[in-house]
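What follows is the content of upload09.cif, which has mmCIF, C-alpha atoms:
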data_final
loop_
_atom_site.group_PDB
_atom_site.id
_atom_site.type_symbol
_atom_site.label_atom_id
_atom_site.label_comp_id
_atom_site.auth_asym_id
_atom_site.auth_seq_id
_atom_site.Cartn_x
_atom_site.Cartn_y
_atom_site.Cartn_z
ATOM 1 C CA MET A 1 -22.889 -11.374 -19.830
ATOM 2 C CA SER A 2 -20.648 -14.173 -18.611
ATOM 3 C CA ASP A 3 -22.009 -17.673 -18.079
ATOM 4 C CA ASP A 4 -21.595 -17.322 -14.293
ATOM 5 C CA ALA A 5 -23.456 -14.007 -14.172
ATOM 6 C CA GLU A 6 -26.178 -15.343 -16.453
ATOM 7 C CA THR A 7 -26.623 -18.437 -14.286
ATOM 8 C CA THR A 8 -26.739 -16.340 -11.115
ATOM 9 C CA THR A 9 -29.353 -14.042 -12.668
ATOM 10 C CA ARG A 10 -31.526 -17.011 -13.648
ATOM 11 C CA ARG A 11 -31.193 -18.619 -10.195
ATOM 12 C CA ARG A 12 -32.112 -15.454 -8.292
ATOM 13 C CA ALA A 13 -35.554 -15.581 -6.699
ATOM 14 C CA PRO A 14 -38.036 -12.868 -7.779
ATOM 15 C CA ALA A 15 -37.982 -11.333 -4.278
ATOM 16 C CA ASP A 16 -34.214 -10.842 -4.592
ATOM 17 C CA ARG A 17 -34.430 -9.069 -7.945
ATOM 18 C CA PRO A 18 -33.838 -5.311 -7.955
ATOM 19 C CA SER A 19 -36.867 -3.144 -7.342
ATOM 20 C CA ALA A 20 -37.943 -0.360 -9.695
ATOM 21 C CA ASP A 21 -35.391 2.001 -8.117
ATOM 22 C CA GLY A 22 -32.551 -0.468 -8.757
ATOM 23 C CA ALA A 23 -32.029 -1.646 -5.173
ATOM 24 C CA PRO A 24 -32.646 -5.289 -4.308
ATOM 25 C CA ALA A 25 -36.100 -5.582 -2.771
ATOM 26 C CA SER A 26 -34.711 -6.974 0.500
ATOM 27 C CA LEU A 27 -32.418 -4.002 1.183
ATOM 28 C CA PRO A 28 -33.528 -1.028 3.274
ATOM 29 C CA PRO A 29 -35.086 2.015 1.542
ATOM 30 C CA ALA A 30 -31.855 3.977 2.037
ATOM 31 C CA ALA A 31 -30.208 1.613 -0.440
ATOM 32 C CA GLY A 32 -32.711 2.724 -3.075
ATOM 33 C CA ALA A 33 -31.737 6.353 -2.563
ATOM 34 C CA LEU A 34 -28.063 5.395 -2.856
ATOM 35 C CA THR A 35 -28.588 3.496 -6.082
ATOM 36 C CA GLU A 36 -30.688 6.299 -7.541
ATOM 37 C CA GLY A 37 -27.917 8.798 -6.818
ATOM 38 C CA LEU A 38 -25.313 6.459 -8.291
ATOM 39 C CA GLN A 39 -27.406 5.981 -11.435
ATOM 40 C CA LYS A 40 -27.603 9.753 -11.945
ATOM 41 C CA ASP A 41 -23.854 10.140 -11.415
ATOM 42 C CA VAL A 42 -23.078 7.298 -13.824
ATOM 43 C CA ALA A 43 -25.417 8.787 -16.442
ATOM 44 C CA PHE A 44 -23.629 12.144 -16.133
ATOM 45 C CA LEU A 45 -20.223 10.472 -16.501
ATOM 46 C CA GLU A 46 -21.395 8.393 -19.478
ATOM 47 C CA GLY A 47 -22.642 11.553 -21.184
ATOM 48 C CA LEU A 48 -19.345 13.260 -20.524
ATOM 49 C CA LEU A 49 -17.386 10.312 -21.902
ATOM 50 C CA ALA A 50 -19.623 10.080 -24.965
ATOM 51 C CA SER A 51 -19.012 13.749 -25.678
ATOM 52 C CA THR A 52 -15.250 13.404 -25.283
ATOM 53 C CA ALA A 53 -15.151 10.340 -27.538
ATOM 54 C CA GLY A 54 -16.750 12.380 -30.306
ATOM 55 C CA SER A 55 -14.603 15.437 -29.507
ATOM 56 C CA GLY A 56 -17.679 17.343 -28.418
ATOM 57 C CA GLU A 57 -19.482 16.779 -31.737
ATOM 58 C CA ALA A 58 -22.098 14.388 -30.273
ATOM 59 C CA GLY A 59 -23.567 17.034 -27.976
ATOM 60 C CA ARG A 60 -22.708 20.302 -26.386
ATOM 61 C CA PRO A 61 -19.042 21.159 -25.868
ATOM 62 C CA ILE A 62 -17.551 19.996 -22.587
ATOM 63 C CA SER A 63 -16.562 22.796 -20.258
ATOM 64 C CA ASP A 64 -13.893 22.785 -17.584
ATOM 65 C CA ASP A 65 -16.738 22.954 -15.065
ATOM 66 C CA ASP A 66 -18.146 19.682 -16.455
ATOM 67 C CA VAL A 67 -14.787 17.968 -16.034
ATOM 68 C CA ALA A 68 -14.389 19.411 -12.518
ATOM 69 C CA ALA A 69 -17.900 18.225 -11.594
ATOM 70 C CA ALA A 70 -17.091 14.732 -12.880
ATOM 71 C CA LEU A 71 -13.888 14.589 -10.838
ATOM 72 C CA GLY A 72 -15.826 15.633 -7.760
ATOM 73 C CA LEU A 73 -18.257 12.728 -8.098
ATOM 74 C CA PHE A 74 -15.848 9.861 -7.540
ATOM 75 C CA GLU A 75 -15.343 10.119 -3.780
ATOM 76 C CA ASP A 76 -19.084 10.303 -3.140
ATOM 77 C CA MET A 77 -19.663 7.382 -5.517
ATOM 78 C CA ARG A 78 -17.027 5.299 -3.697
ATOM 79 C CA THR A 79 -18.683 6.048 -0.368
ATOM 80 C CA ALA A 80 -22.129 5.143 -1.728
ATOM 81 C CA LEU A 81 -20.807 1.882 -3.186
ATOM 82 C CA ASP A 82 -19.069 1.062 0.103
ATOM 83 C CA ARG A 83 -22.349 1.591 1.968
ATOM 84 C CA LEU A 84 -24.222 -0.631 -0.454
ATOM 85 C CA GLU A 85 -21.570 -3.352 -0.282
ATOM 86 C CA ALA A 86 -21.595 -3.293 3.514
ATOM 87 C CA GLN A 87 -25.416 -3.522 3.539
ATOM 88 C CA VAL A 88 -25.357 -6.486 1.163
ATOM 89 C CA VAL A 89 -22.707 -8.294 3.233
ATOM 90 C CA ILE A 90 -24.760 -7.677 6.393
ATOM 91 C CA GLU A 91 -27.820 -9.099 4.613
ATOM 92 C CA ALA A 92 -25.848 -12.118 3.401
ATOM 93 C CA ARG A 93 -24.625 -12.838 6.932
ATOM 94 C CA ARG A 94 -28.133 -12.286 8.334
ATOM 95 C CA ARG A 95 -29.380 -14.935 5.904
ATOM 96 C CA GLY A 96 -26.749 -17.378 7.124
ATOM 97 C CA MET A 97 -24.187 -17.108 4.339
ATOM 98 C CA GLU A 98 -20.721 -18.077 5.418
ATOM 99 C CA TRP A 99 -17.705 -15.868 4.771
ATOM 100 C CA ARG A 100 -16.408 -18.536 2.380
ATOM 101 C CA GLN A 101 -19.516 -18.141 0.218
ATOM 102 C CA ILE A 102 -19.382 -14.350 0.354
ATOM 103 C CA ALA A 103 -15.718 -14.474 -0.664
ATOM 104 C CA GLY A 104 -16.551 -16.614 -3.679
ATOM 105 C CA HIS A 105 -19.250 -14.214 -4.859
ATOM 106 C CA GLN A 106 -16.880 -11.274 -4.456
ATOM 107 C CA GLY A 107 -14.151 -12.986 -6.459
ATOM 108 C CA MET A 108 -11.920 -13.569 -3.448
ATOM 109 C CA LYS A 109 -10.132 -16.776 -2.609
ATOM 110 C CA SER A 110 -10.595 -16.899 1.161
ATOM 111 C CA SER A 111 -13.152 -16.208 3.831
ATOM 112 C CA GLN A 112 -10.504 -14.194 5.667
ATOM 113 C CA ALA A 113 -10.136 -11.850 2.675
ATOM 114 C CA ALA A 114 -13.898 -11.210 2.546
ATOM 115 C CA SER A 115 -14.117 -10.634 6.289
ATOM 116 C CA GLN A 116 -11.162 -8.244 6.230
ATOM 117 C CA ARG A 117 -12.639 -6.339 3.295
ATOM 118 C CA TYR A 118 -15.902 -5.925 5.191
ATOM 119 C CA GLN A 119 -14.023 -4.689 8.271
ATOM 120 C CA ARG A 120 -12.126 -2.138 6.135
ATOM 121 C CA LEU A 121 -15.417 -0.942 4.635
ATOM 122 C CA VAL A 122 -17.038 -0.518 8.039
ATOM 123 C CA THR A 123 -13.967 1.282 9.409
ATOM 124 C CA ARG A 124 -13.811 3.634 6.402
ATOM 125 C CA LEU A 125 -17.526 4.429 6.618
ATOM 126 C CA GLU A 126 -17.280 5.094 10.342
ATOM 127 C CA GLU A 127 -14.310 7.422 9.790
ATOM 128 C CA ILE A 128 -16.302 9.297 7.156
ATOM 129 C CA ARG A 129 -19.287 9.527 9.529
ATOM 130 C CA GLN A 130 -17.064 10.944 12.262
ATOM 131 C CA GLY A 131 -15.396 13.397 9.894
ATOM 132 C CA ILE A 132 -11.967 11.789 10.237
ATOM 133 C CA ARG A 133 -11.733 11.227 6.460
#
Output the file's structure in the form of structure tokens.
Amino acid sequence: MSDDAETTTRRRAPADRPSADGAPASLPPAAGALTEGLQKDVAFLEGLLASTAGSGEAGRPISDDDVAAALGLFEDMRTALDRLEAQVVIEARRRGMEWRQIAGHQGMKSSQAASQRYQRLVTRLEEIRQGIR
């Protein structure tokens, strides 16, 4: 863990720590369902990667169906992560965080970059909702 991440973890108030389902306690229940689904998908992918690293010796052989299933996960995972990110940005703004602060936490150099990223997320999610994407 980097010094910055370690410091941020120590500074975080107990109410802001993730709940048992992995979602921060202040996020809506839907975020918990998203994180639970992501955790399952990541576990599946980790198992697949572990098996490929050992050439299938570590567990059961990897089938073409396993690889196809893994490939099919990524778009849904991106959408779930986009939803979570948008929810966290909304929460940050609701709590009075400025775009400059949000940008810094996201590793961006300007408030404009963070705001534009959020707008792209919202647009993408709306297009998915409407069936355009």
Q: Using all atoms listed in the file, determine which residues lie at most 12 Å from Leu45 of chain A, disregarding the query and same-chain residues fewer than 2 positions distant; provide the list as a PyMOL selection string.
A: chain A and resi 38-43+47-52+62+66-74+77
Q.
Can you measure atom CA of Arg78 of chain A to atom CA of Met97 of chain A for me? One decimal in Å is fine.
A.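 Value for the atom CA of Arg78 of chain A-atom CA of Met97 of chain A distance: 24.9 Å.
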**Q.** 10 Å contact set for Leu125 of chain A, only C-alpha atoms, chain neighbours under 3 positions out, as a list of chain:residue names
**A.**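 Counting only the stated atoms, we get A:Thr79, A:Ala80, A:Asp82, A:Arg83, A:Ala86, A:Gln119, A:Arg120, A:Leu121, A:Val122, A:Ile128, A:Arg129, A:Gln130, A:Gly131, A:Ile132, A:Arg133.
Atom CA of Arg95 of chain A is found 16.3 Å from atom CA of Ala114 of chain A.
Straight-line separation from atom CA of Glu36 of chain A to atom CA of Trp99 of chain A: 28.5 Å.
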Q) Skipping near chain neighbours, those fewer than 2 positions away, what residues fall within 12 Å of Gln101 of chain A using all atoms listed in the file, listed as a ChimeraX atom specification? A) /A:89,92-93,95-99,103-115
